[in-house]
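*Asks:* The structure's right below; bear with me while I get my questions together.
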Amino acid sequence: MNRTANEVASQPGTWREALALHASGLRGLPGAGERVAVIGCGTSWFMAQSYAVLREQAGQGETDAFTATEFPAGRSYDRIVTISRSGTTTEIVDLLAGTVAPSVLITAVAGGPAAAHADHEIVLDFADEESVVQTRFATTALLLLRASVVGAGALDTVPEAAESALAHDLPQAWVDADQITFLGTGWTIGLAHEAALKMRESSQFWTESYPAMEYRHGPISIAQPGRLVWVFGPTPAGLADDVAATGATLVASDLDPLAHLVLLHRLAVARAEARGLDADTPRNLTRSVILEPGDH
């Protein structure tokens, strides 16, 4: 089993550790009523998107998600939340160095360059990864942030859902599919974008991702037999029938959407293996993007 597959399989355990960590008390996370910006790059940006929606839907305050270079520097926030697995990503370091708002860094590696500029650091070292591709750190960070919105007790069954995803059948037709479109609603739109990225990274695979209700507004035109439409969270009324009419296969689940992402992680690894690719070290990627002066 490759490193990525091992890290995917470890997620129920890292999720339980994250819930226990939250229950023990953490400093630096946003309080109710604060206006918050959540910042990440790549996978971390998509986790930021999901958290931002969850926090606003819970009535805890206006919450925006940005990729680091697109953060509107002139906009005022009560707190900045940054997510960086390595704590070395240049864009995150630069953003934290330039912000005056209270800030917190969620990372897997303590004491990195970004931490030097953050007011608080939350270290999920138990969820760090050897693989270039992010899986367990991202989902563990998001579960921790979900717990900060709804309380750790409300999420006690989510690790069990991940265990179910790990035991779920992985149909060969999914592995052999020639295209997948990922859809989500609300906070699961970020999961859809992350799922599409994961498949592209791991297996150089053609994927797209959209808010579910946008699917009929053009993207459905590529649906056909041999392709999948994968929905995170509830499937909007009528969409299953629309997908069936194209001959494409709808993939939906009653699992917690974050656990459904674990199933997708397994598919990404299986797809890479089927193509003779190394899911641990995808081409053109490194564990962290560290830019030289003049490159940004």
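Labels for the structure tokens follow display order: chains A, B, ..., residues from 1 in each chain, ligands from 1.
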Find the residues near A:Arg75: any atom within 12 Å, counting only C-alpha atoms, skip ones fewer than 2 places away on the same chain, and give them as a PDB file with all heavy atoms, in the first residue's frame.
*Replies:*
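Result file follows (result03.pdb):
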```
ATOM      1  N   ARG A  35     -16.152  39.103  12.313  1.00  0.00           N
ATOM      2  CA  ARG A  35     -16.060  39.079  10.850  1.00  0.00           C
ATOM      3  C   ARG A  35     -14.722  38.449  10.491  1.00  0.00           C
ATOM      4  O   ARG A  35     -13.658  38.938  10.912  1.00  0.00           O
ATOM      5  CB  ARG A  35     -16.156  40.498  10.291  1.00  0.00           C
ATOM      6  CG  ARG A  35     -16.255  40.572   8.776  1.00  0.00           C
ATOM      7  CD  ARG A  35     -16.639  41.979   8.352  1.00  0.00           C
ATOM      8  NE  ARG A  35     -16.979  42.022   6.937  1.00  0.00           N
ATOM      9  CZ  ARG A  35     -16.261  42.679   6.015  1.00  0.00           C
ATOM     10  NH1 ARG A  35     -15.177  43.348   6.379  1.00  0.00           N
ATOM     11  NH2 ARG A  35     -16.647  42.679   4.756  1.00  0.00           N
ATOM     12  N   VAL A  36     -14.771  37.362   9.728  1.00  0.00           N
ATOM     13  CA  VAL A  36     -13.598  36.496   9.580  1.00  0.00           C
ATOM     14  C   VAL A  36     -13.265  36.290   8.104  1.00  0.00           C
ATOM     15  O   VAL A  36     -14.159  36.130   7.263  1.00  0.00           O
ATOM     16  CB  VAL A  36     -13.863  35.130  10.255  1.00  0.00           C
ATOM     17  CG1 VAL A  36     -12.735  34.153   9.987  1.00  0.00           C
ATOM     18  CG2 VAL A  36     -14.065  35.324  11.759  1.00  0.00           C
ATOM     19  N   ALA A  37     -11.979  36.265   7.812  1.00  0.00           N
ATOM     20  CA  ALA A  37     -11.477  35.818   6.510  1.00  0.00           C
ATOM     21  C   ALA A  37     -10.696  34.529   6.719  1.00  0.00           C
ATOM     22  O   ALA A  37      -9.892  34.428   7.649  1.00  0.00           O
ATOM     23  CB  ALA A  37     -10.580  36.868   5.878  1.00  0.00           C
ATOM     24  N   ASP A  64     -15.621  35.052   4.948  1.00  0.00           N
ATOM     25  CA  ASP A  64     -15.204  34.990   3.550  1.00  0.00           C
ATOM     26  C   ASP A  64     -14.005  34.070   3.410  1.00  0.00           C
ATOM     27  O   ASP A  64     -13.170  33.982   4.317  1.00  0.00           O
ATOM     28  CB  ASP A  64     -14.818  36.380   3.037  1.00  0.00           C
ATOM     29  CG  ASP A  64     -15.974  37.368   3.064  1.00  0.00           C
ATOM     30  OD1 ASP A  64     -17.104  36.952   2.746  1.00  0.00           O
ATOM     31  OD2 ASP A  64     -15.746  38.545   3.392  1.00  0.00           O
ATOM     32  N   GLU A  70      -5.387  36.519  -3.513  1.00  0.00           N
ATOM     33  CA  GLU A  70      -6.574  37.287  -3.872  1.00  0.00           C
ATOM     34  C   GLU A  70      -7.255  37.911  -2.657  1.00  0.00           C
ATOM     35  O   GLU A  70      -8.365  38.433  -2.754  1.00  0.00           O
ATOM     36  CB  GLU A  70      -7.569  36.393  -4.626  1.00  0.00           C
ATOM     37  CG  GLU A  70      -7.008  35.792  -5.899  1.00  0.00           C
ATOM     38  CD  GLU A  70      -6.442  36.852  -6.846  1.00  0.00           C
ATOM     39  OE1 GLU A  70      -7.124  37.876  -7.066  1.00  0.00           O
ATOM     40  OE2 GLU A  70      -5.316  36.650  -7.353  1.00  0.00           O
ATOM     41  N   PHE A  71      -6.601  37.875  -1.517  1.00  0.00           N
ATOM     42  CA  PHE A  71      -7.157  38.503  -0.319  1.00  0.00           C
ATOM     43  C   PHE A  71      -7.238  40.014  -0.519  1.00  0.00           C
ATOM     44  O   PHE A  71      -6.244  40.652  -0.884  1.00  0.00           O
ATOM     45  CB  PHE A  71      -6.273  38.181   0.886  1.00  0.00           C
ATOM     46  CG  PHE A  71      -6.701  38.870   2.154  1.00  0.00           C
ATOM     47  CD1 PHE A  71      -7.864  38.489   2.801  1.00  0.00           C
ATOM     48  CD2 PHE A  71      -5.943  39.903   2.682  1.00  0.00           C
ATOM     49  CE1 PHE A  71      -8.263  39.128   3.968  1.00  0.00           C
ATOM     50  CE2 PHE A  71      -6.330  40.539   3.853  1.00  0.00           C
ATOM     51  CZ  PHE A  71      -7.489  40.157   4.496  1.00  0.00           C
ATOM     52  N   PRO A  72      -8.419  40.604  -0.288  1.00  0.00           N
ATOM     53  CA  PRO A  72      -8.566  42.053  -0.486  1.00  0.00           C
ATOM     54  C   PRO A  72      -7.964  42.821   0.685  1.00  0.00           C
ATOM     55  O   PRO A  72      -8.576  42.969   1.744  1.00  0.00           O
ATOM     56  CB  PRO A  72     -10.086  42.239  -0.570  1.00  0.00           C
ATOM     57  CG  PRO A  72     -10.647  41.104   0.227  1.00  0.00           C
ATOM     58  CD  PRO A  72      -9.689  39.966   0.074  1.00  0.00           C
ATOM     59  N   ALA A  73      -6.751  43.305   0.498  1.00  0.00           N
ATOM     60  CA  ALA A  73      -5.985  43.883   1.598  1.00  0.00           C
ATOM     61  C   ALA A  73      -6.672  45.082   2.242  1.00  0.00           C
ATOM     62  O   ALA A  73      -6.450  45.380   3.418  1.00  0.00           O
ATOM     63  CB  ALA A  73      -4.598  44.285   1.095  1.00  0.00           C
ATOM     64  N   TYR A  77     -11.235  42.924   8.742  1.00  0.00           N
ATOM     65  CA  TYR A  77     -11.725  41.712   9.383  1.00  0.00           C
ATOM     66  C   TYR A  77     -11.320  41.703  10.848  1.00  0.00           C
ATOM     67  O   TYR A  77     -10.284  42.259  11.235  1.00  0.00           O
ATOM     68  CB  TYR A  77     -11.158  40.464   8.693  1.00  0.00           C
ATOM     69  CG  TYR A  77     -11.759  40.226   7.326  1.00  0.00           C
ATOM     70  CD1 TYR A  77     -11.099  40.668   6.174  1.00  0.00           C
ATOM     71  CD2 TYR A  77     -12.981  39.587   7.192  1.00  0.00           C
ATOM     72  CE1 TYR A  77     -11.659  40.467   4.916  1.00  0.00           C
ATOM     73  CE2 TYR A  77     -13.546  39.377   5.938  1.00  0.00           C
ATOM     74  CZ  TYR A  77     -12.877  39.821   4.812  1.00  0.00           C
ATOM     75  OH  TYR A  77     -13.443  39.632   3.583  1.00  0.00           O
ATOM     76  N   ASP A  78     -12.140  41.039  11.654  1.00  0.00           N
ATOM     77  CA  ASP A  78     -11.823  40.911  13.078  1.00  0.00           C
ATOM     78  C   ASP A  78     -10.781  39.829  13.327  1.00  0.00           C
ATOM     79  O   ASP A  78     -10.080  39.873  14.350  1.00  0.00           O
ATOM     80  CB  ASP A  78     -13.087  40.573  13.879  1.00  0.00           C
ATOM     81  CG  ASP A  78     -14.135  41.646  13.769  1.00  0.00           C
ATOM     82  OD1 ASP A  78     -13.780  42.831  13.879  1.00  0.00           O
ATOM     83  OD2 ASP A  78     -15.323  41.302  13.565  1.00  0.00           O
ATOM     84  N   ARG A  79     -10.719  38.840  12.415  1.00  0.00           N
ATOM     85  CA  ARG A  79      -9.766  37.739  12.598  1.00  0.00           C
ATOM     86  C   ARG A  79      -9.457  37.108  11.246  1.00  0.00           C
ATOM     87  O   ARG A  79     -10.322  37.010  10.377  1.00  0.00           O
ATOM     88  CB  ARG A  79     -10.321  36.685  13.553  1.00  0.00           C
ATOM     89  CG  ARG A  79      -9.318  35.611  13.977  1.00  0.00           C
ATOM     90  CD  ARG A  79      -9.874  34.745  15.106  1.00  0.00           C
ATOM     91  NE  ARG A  79     -10.259  35.555  16.245  1.00  0.00           N
ATOM     92  CZ  ARG A  79      -9.436  35.885  17.242  1.00  0.00           C
ATOM     93  NH1 ARG A  79      -8.201  35.462  17.228  1.00  0.00           N
ATOM     94  NH2 ARG A  79      -9.877  36.628  18.245  1.00  0.00           N
ATOM     95  N   ILE A  80      -8.215  36.672  11.105  1.00  0.00           N
ATOM     96  CA  ILE A  80      -7.756  35.962   9.920  1.00  0.00           C
ATOM     97  C   ILE A  80      -7.437  34.528  10.320  1.00  0.00           C
ATOM     98  O   ILE A  80      -6.652  34.293  11.248  1.00  0.00           O
ATOM     99  CB  ILE A  80      -6.492  36.608   9.318  1.00  0.00           C
ATOM    100  CG1 ILE A  80      -6.709  38.089   9.021  1.00  0.00           C
ATOM    101  CG2 ILE A  80      -6.042  35.850   8.079  1.00  0.00           C
ATOM    102  CD1 ILE A  80      -7.724  38.364   7.945  1.00  0.00           C
ATOM    103  N   THR A  99      -0.566  41.353   7.671  1.00  0.00           N
ATOM    104  CA  THR A  99      -1.870  41.631   8.264  1.00  0.00           C
ATOM    105  C   THR A  99      -1.721  42.177   9.676  1.00  0.00           C
ATOM    106  O   THR A  99      -0.783  41.824  10.401  1.00  0.00           O
ATOM    107  CB  THR A  99      -2.756  40.370   8.290  1.00  0.00           C
ATOM    108  OG1 THR A  99      -4.075  40.738   8.704  1.00  0.00           O
ATOM    109  CG2 THR A  99      -2.213  39.320   9.251  1.00  0.00           C
ATOM    110  N   VAL A 100      -2.667  43.062  10.052  1.00  0.00           N
ATOM    111  CA  VAL A 100      -2.668  43.592  11.420  1.00  0.00           C
ATOM    112  C   VAL A 100      -3.795  42.992  12.245  1.00  0.00           C
ATOM    113  O   VAL A 100      -3.823  43.154  13.466  1.00  0.00           O
ATOM    114  CB  VAL A 100      -2.788  45.129  11.415  1.00  0.00           C
ATOM    115  CG1 VAL A 100      -1.570  45.743  10.747  1.00  0.00           C
ATOM    116  CG2 VAL A 100      -4.065  45.587  10.711  1.00  0.00           C
ATOM    117  N   ALA A 101      -4.720  42.304  11.605  1.00  0.00           N
ATOM    118  CA  ALA A 101      -5.825  41.679  12.326  1.00  0.00           C
ATOM    119  C   ALA A 101      -5.316  40.477  13.115  1.00  0.00           C
ATOM    120  O   ALA A 101      -4.331  39.837  12.729  1.00  0.00           O
ATOM    121  CB  ALA A 101      -6.911  41.224  11.345  1.00  0.00           C
TER     122      ALA A 101
END
```
*Asks:* Please extract the residues of stretch 7-131 of chain A with a backbone DSSP assignment of alpha helix (DSSP H) and present them as a PyMOL selection string.
*Replies:* chain A and resi 7-9+11-24+43-57+90-98
*Asks:* Go ahead and write the selection's residues with N, CA and C atoms as a compact mmCIF listing (two decimals), in the first residue's frame.
*Replies:*
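Wrote it out as result.txt, contents follow:
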```txt
# COMPACT_ATOMS: atom_id res chain seq x y z
N GLU A 7 -2.44 7.01 4.38
CA GLU A 7 -2.93 8.24 4.99
C GLU A 7 -4.44 8.37 4.84
N VAL A 8 -4.96 7.96 3.69
CA VAL A 8 -6.42 7.94 3.50
C VAL A 8 -7.07 7.03 4.54
N ALA A 9 -6.50 5.86 4.74
CA ALA A 9 -7.08 4.89 5.67
C ALA A 9 -7.00 5.34 7.12
N GLN A 11 -7.72 8.26 8.35
CA GLN A 11 -8.54 9.43 8.65
C GLN A 11 -9.52 9.26 9.82
N PRO A 12 -10.16 8.13 10.00
CA PRO A 12 -11.02 8.02 11.19
C PRO A 12 -10.26 8.32 12.48
N GLY A 13 -9.03 7.85 12.56
CA GLY A 13 -8.22 8.09 13.76
C GLY A 13 -7.84 9.54 13.92
N THR A 14 -7.40 10.19 12.84
CA THR A 14 -7.00 11.60 12.96
C THR A 14 -8.22 12.48 13.24
N TRP A 15 -9.38 12.09 12.74
CA TRP A 15 -10.59 12.87 13.02
C TRP A 15 -10.95 12.78 14.50
N ARG A 16 -10.81 11.60 15.06
CA ARG A 16 -11.11 11.45 16.50
C ARG A 16 -10.13 12.29 17.33
N GLU A 17 -8.87 12.32 16.92
CA GLU A 17 -7.90 13.15 17.64
C GLU A 17 -8.26 14.63 17.53
N ALA A 18 -8.73 15.05 16.37
CA ALA A 18 -9.10 16.45 16.20
C ALA A 18 -10.28 16.82 17.08
N LEU A 19 -11.27 15.94 17.18
CA LEU A 19 -12.43 16.21 18.03
C LEU A 19 -12.02 16.28 19.49
N ALA A 20 -11.10 15.41 19.89
CA ALA A 20 -10.61 15.44 21.27
C ALA A 20 -9.82 16.72 21.53
N LEU A 21 -9.03 17.14 20.55
CA LEU A 21 -8.25 18.37 20.69
C LEU A 21 -9.18 19.57 20.85
N HIS A 22 -10.23 19.62 20.05
CA HIS A 22 -11.17 20.73 20.18
C HIS A 22 -11.85 20.72 21.54
N ALA A 23 -12.24 19.54 21.99
CA ALA A 23 -12.93 19.44 23.28
C ALA A 23 -12.03 19.87 24.43
N SER A 24 -10.71 19.77 24.24
CA SER A 24 -9.78 20.14 25.31
C SER A 24 -9.60 21.64 25.42
N THR A 43 -5.73 22.87 -1.92
CA THR A 43 -6.68 22.13 -1.09
C THR A 43 -7.13 22.93 0.12
N SER A 44 -6.21 23.64 0.75
CA SER A 44 -6.57 24.41 1.94
C SER A 44 -7.58 25.51 1.62
N TRP A 45 -7.52 26.05 0.42
CA TRP A 45 -8.50 27.06 0.00
C TRP A 45 -9.90 26.44 -0.06
N PHE A 46 -10.00 25.23 -0.56
CA PHE A 46 -11.31 24.59 -0.65
C PHE A 46 -11.86 24.25 0.74
N MET A 47 -10.97 23.86 1.66
CA MET A 47 -11.42 23.66 3.04
C MET A 47 -11.90 24.98 3.64
N ALA A 48 -11.21 26.06 3.31
CA ALA A 48 -11.62 27.39 3.78
C ALA A 48 -13.01 27.74 3.27
N GLN A 49 -13.29 27.41 2.01
CA GLN A 49 -14.61 27.69 1.44
C GLN A 49 -15.70 26.95 2.22
N SER A 50 -15.46 25.69 2.51
CA SER A 50 -16.46 24.91 3.24
C SER A 50 -16.70 25.47 4.63
N TYR A 51 -15.63 25.78 5.33
CA TYR A 51 -15.76 26.33 6.68
C TYR A 51 -16.49 27.67 6.66
N ALA A 52 -16.19 28.52 5.69
CA ALA A 52 -16.82 29.83 5.62
C ALA A 52 -18.34 29.69 5.52
N VAL A 53 -18.80 28.77 4.69
CA VAL A 53 -20.25 28.57 4.55
C VAL A 53 -20.84 28.03 5.83
N LEU A 54 -20.19 27.05 6.43
CA LEU A 54 -20.70 26.46 7.68
C LEU A 54 -20.83 27.51 8.77
N ARG A 55 -19.82 28.36 8.88
CA ARG A 55 -19.83 29.36 9.95
C ARG A 55 -20.94 30.39 9.74
N GLU A 56 -21.10 30.84 8.50
CA GLU A 56 -22.18 31.80 8.23
C GLU A 56 -23.54 31.16 8.43
N GLN A 57 -23.72 29.93 7.96
CA GLN A 57 -25.01 29.26 8.11
C GLN A 57 -25.37 29.06 9.57
N THR A 90 4.68 30.23 0.62
CA THR A 90 5.11 31.62 0.53
C THR A 90 3.95 32.60 0.60
N GLU A 91 2.87 32.32 -0.11
CA GLU A 91 1.75 33.27 -0.14
C GLU A 91 1.12 33.43 1.25
N ILE A 92 1.08 32.35 2.02
CA ILE A 92 0.53 32.41 3.38
C ILE A 92 1.47 33.19 4.30
N VAL A 93 2.77 32.94 4.18
CA VAL A 93 3.75 33.67 4.98
C VAL A 93 3.64 35.16 4.70
N ASP A 94 3.57 35.52 3.42
CA ASP A 94 3.49 36.94 3.05
C ASP A 94 2.22 37.58 3.58
N LEU A 95 1.10 36.86 3.48
CA LEU A 95 -0.16 37.43 3.95
C LEU A 95 -0.13 37.68 5.45
N LEU A 96 0.32 36.69 6.21
CA LEU A 96 0.37 36.85 7.67
C LEU A 96 1.35 37.95 8.07
N ALA A 97 2.43 38.06 7.35
CA ALA A 97 3.41 39.09 7.67
C ALA A 97 2.84 40.49 7.45
N GLY A 98 1.86 40.59 6.56
CA GLY A 98 1.33 41.90 6.22
C GLY A 98 0.01 42.26 6.88
```
*Asks:* Measuring atom to atom with only C-alpha atoms, identify which of A:Ala114, A:Val109, A:Leu183, A:Leu170 is nearest to A:Phe126.
*Replies:*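 Of all the options, A:Val109 lies closest to A:Phe126.
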*Asks:* Find the residue from A:Ile180, A:Trp187, A:Asp278, A:Thr235 that sits nearest to A:Ala248; use only C-alpha atoms when measuring.
*Replies:*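 Under the stated criterion, the closest residue is A:Ile180.
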*Asks:* Extract, using only C-alpha atoms, all DNA, RNA and protein residues at most 10 Å from stretch 202-209 of chain A, discarding same-chain residues fewer than 4 positions from it, and format them as a ChimeraX atom specification.
*Replies:* /A:4,132-133,177-184,189-198,214-215,219,228-231,265,267-283
*Asks:* For a test of reading the model, state the distance in Å between atom CA of A:Gly87 and atom CA of A:Pro257, rounded to one decimal.
*Replies:* 26.8 Å
*Asks:* Quick check for you: according to DSSP on this backbone, which residues of stretch 44-210 of chain A are classed as strand (DSSP E)? Reply as an NGL selection string.
*Replies:* :A and (63-67 or 79-83 or 103-107 or 120-123 or 179-184 or 207-210)
*Asks:* Please produce a file of the residues just selected, as an mmCIF file, in the first residue's frame, where the atoms kept are N, CA and C atoms.
*Replies:*
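Output saved as out_26.cif:
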```
data_model
loop_
_atom_site.group_PDB
_atom_site.id
_atom_site.type_symbol
_atom_site.label_atom_id
_atom_site.label_comp_id
_atom_site.auth_asym_id
_atom_site.auth_seq_id
_atom_site.Cartn_x
_atom_site.Cartn_y
_atom_site.Cartn_z
ATOM 1 N N THR A 63 -18.304 35.496 7.028
ATOM 2 C CA THR A 63 -17.069 34.737 6.845
ATOM 3 C C THR A 63 -16.782 34.600 5.356
ATOM 4 N N ASP A 64 -15.621 35.052 4.948
ATOM 5 C CA ASP A 64 -15.204 34.990 3.550
ATOM 6 C C ASP A 64 -14.005 34.070 3.410
ATOM 7 N N ALA A 65 -13.922 33.406 2.272
ATOM 8 C CA ALA A 65 -12.786 32.525 1.986
ATOM 9 C C ALA A 65 -12.043 33.049 0.770
ATOM 10 N N PHE A 66 -10.727 33.075 0.855
ATOM 11 C CA PHE A 66 -9.895 33.564 -0.237
ATOM 12 C C PHE A 66 -8.676 32.670 -0.409
ATOM 13 N N THR A 67 -8.218 32.576 -1.640
ATOM 14 C CA THR A 67 -6.861 32.103 -1.841
ATOM 15 C C THR A 67 -5.929 33.263 -1.510
ATOM 16 N N ARG A 79 -10.719 38.840 12.415
ATOM 17 C CA ARG A 79 -9.766 37.739 12.598
ATOM 18 C C ARG A 79 -9.457 37.108 11.246
ATOM 19 N N ILE A 80 -8.215 36.672 11.105
ATOM 20 C CA ILE A 80 -7.756 35.962 9.920
ATOM 21 C C ILE A 80 -7.437 34.528 10.320
ATOM 22 N N VAL A 81 -8.051 33.554 9.639
ATOM 23 C CA VAL A 81 -7.747 32.140 9.835
ATOM 24 C C VAL A 81 -6.981 31.656 8.604
ATOM 25 N N THR A 82 -5.800 31.110 8.800
ATOM 26 C CA THR A 82 -5.028 30.574 7.685
ATOM 27 C C THR A 82 -4.830 29.079 7.868
ATOM 28 N N ILE A 83 -4.804 28.368 6.746
ATOM 29 C CA ILE A 83 -4.607 26.923 6.744
ATOM 30 C C ILE A 83 -3.420 26.612 5.842
ATOM 31 N N SER A 103 -4.707 36.807 14.155
ATOM 32 C CA SER A 103 -4.616 35.709 13.192
ATOM 33 C C SER A 103 -4.319 34.395 13.876
ATOM 34 N N VAL A 104 -4.716 33.327 13.201
ATOM 35 C CA VAL A 104 -4.420 31.979 13.664
ATOM 36 C C VAL A 104 -3.994 31.150 12.467
ATOM 37 N N LEU A 105 -3.008 30.305 12.660
ATOM 38 C CA LEU A 105 -2.521 29.381 11.636
ATOM 39 C C LEU A 105 -2.859 27.968 12.058
ATOM 40 N N ILE A 106 -3.518 27.226 11.173
ATOM 41 C CA ILE A 106 -3.759 25.795 11.377
ATOM 42 C C ILE A 106 -2.782 25.056 10.476
ATOM 43 N N THR A 107 -1.928 24.232 11.062
ATOM 44 C CA THR A 107 -0.843 23.611 10.331
ATOM 45 C C THR A 107 -0.562 22.224 10.894
ATOM 46 N N HIS A 120 -1.670 33.006 16.865
ATOM 47 C CA HIS A 120 -1.897 31.690 17.456
ATOM 48 C C HIS A 120 -1.556 30.631 16.412
ATOM 49 N N GLU A 121 -1.111 29.491 16.884
ATOM 50 C CA GLU A 121 -0.804 28.365 16.009
ATOM 51 C C GLU A 121 -1.493 27.122 16.559
ATOM 52 N N ILE A 122 -2.278 26.455 15.708
ATOM 53 C CA ILE A 122 -2.909 25.187 16.069
ATOM 54 C C ILE A 122 -2.231 24.096 15.248
ATOM 55 N N VAL A 123 -1.566 23.176 15.926
ATOM 56 C CA VAL A 123 -0.737 22.182 15.249
ATOM 57 C C VAL A 123 -1.433 20.827 15.250
ATOM 58 N N GLN A 179 -14.577 10.335 -17.256
ATOM 59 C CA GLN A 179 -14.708 11.721 -16.787
ATOM 60 C C GLN A 179 -15.604 11.729 -15.569
ATOM 61 N N ILE A 180 -15.335 12.665 -14.624
ATOM 62 C CA ILE A 180 -16.213 12.845 -13.464
ATOM 63 C C ILE A 180 -16.471 14.332 -13.268
ATOM 64 N N THR A 181 -17.741 14.675 -13.033
ATOM 65 C CA THR A 181 -18.113 16.017 -12.624
ATOM 66 C C THR A 181 -18.586 15.946 -11.178
ATOM 67 N N PHE A 182 -18.027 16.789 -10.329
ATOM 68 C CA PHE A 182 -18.365 16.823 -8.908
ATOM 69 C C PHE A 182 -19.263 18.021 -8.618
ATOM 70 N N LEU A 183 -20.306 17.769 -7.817
ATOM 71 C CA LEU A 183 -21.290 18.806 -7.502
ATOM 72 C C LEU A 183 -21.485 18.892 -5.993
ATOM 73 N N GLY A 184 -21.825 20.070 -5.512
ATOM 74 C CA GLY A 184 -22.132 20.252 -4.104
ATOM 75 C C GLY A 184 -23.100 21.397 -3.921
ATOM 76 N N THR A 207 -11.554 16.203 -14.721
ATOM 77 C CA THR A 207 -12.652 16.407 -13.782
ATOM 78 C C THR A 207 -13.102 17.862 -13.827
ATOM 79 N N GLU A 208 -14.355 18.077 -13.433
ATOM 80 C CA GLU A 208 -14.908 19.422 -13.303
ATOM 81 C C GLU A 208 -15.694 19.485 -11.998
ATOM 82 N N SER A 209 -15.984 20.690 -11.518
ATOM 83 C CA SER A 209 -16.742 20.832 -10.275
ATOM 84 C C SER A 209 -17.557 22.115 -10.313
ATOM 85 N N TYR A 210 -18.781 22.026 -9.754
ATOM 86 C CA TYR A 210 -19.717 23.144 -9.818
ATOM 87 C C TYR A 210 -20.672 23.100 -8.629
#
```
*Asks:* Using atom CA of A:Ala154 and atom CA of A:Gly233 as the two end points, give the distance in Å to one decimal.
*Replies:*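 These atoms are spaced 17.2 Å apart.
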*Asks:* Neighbours of A:Ala127 within 6 Å (only C-alpha atoms; same-chain residues fewer than 3 positions away dropped), as a PyMOL selection string?
*Replies:* chain A and resi 14+124+136-137
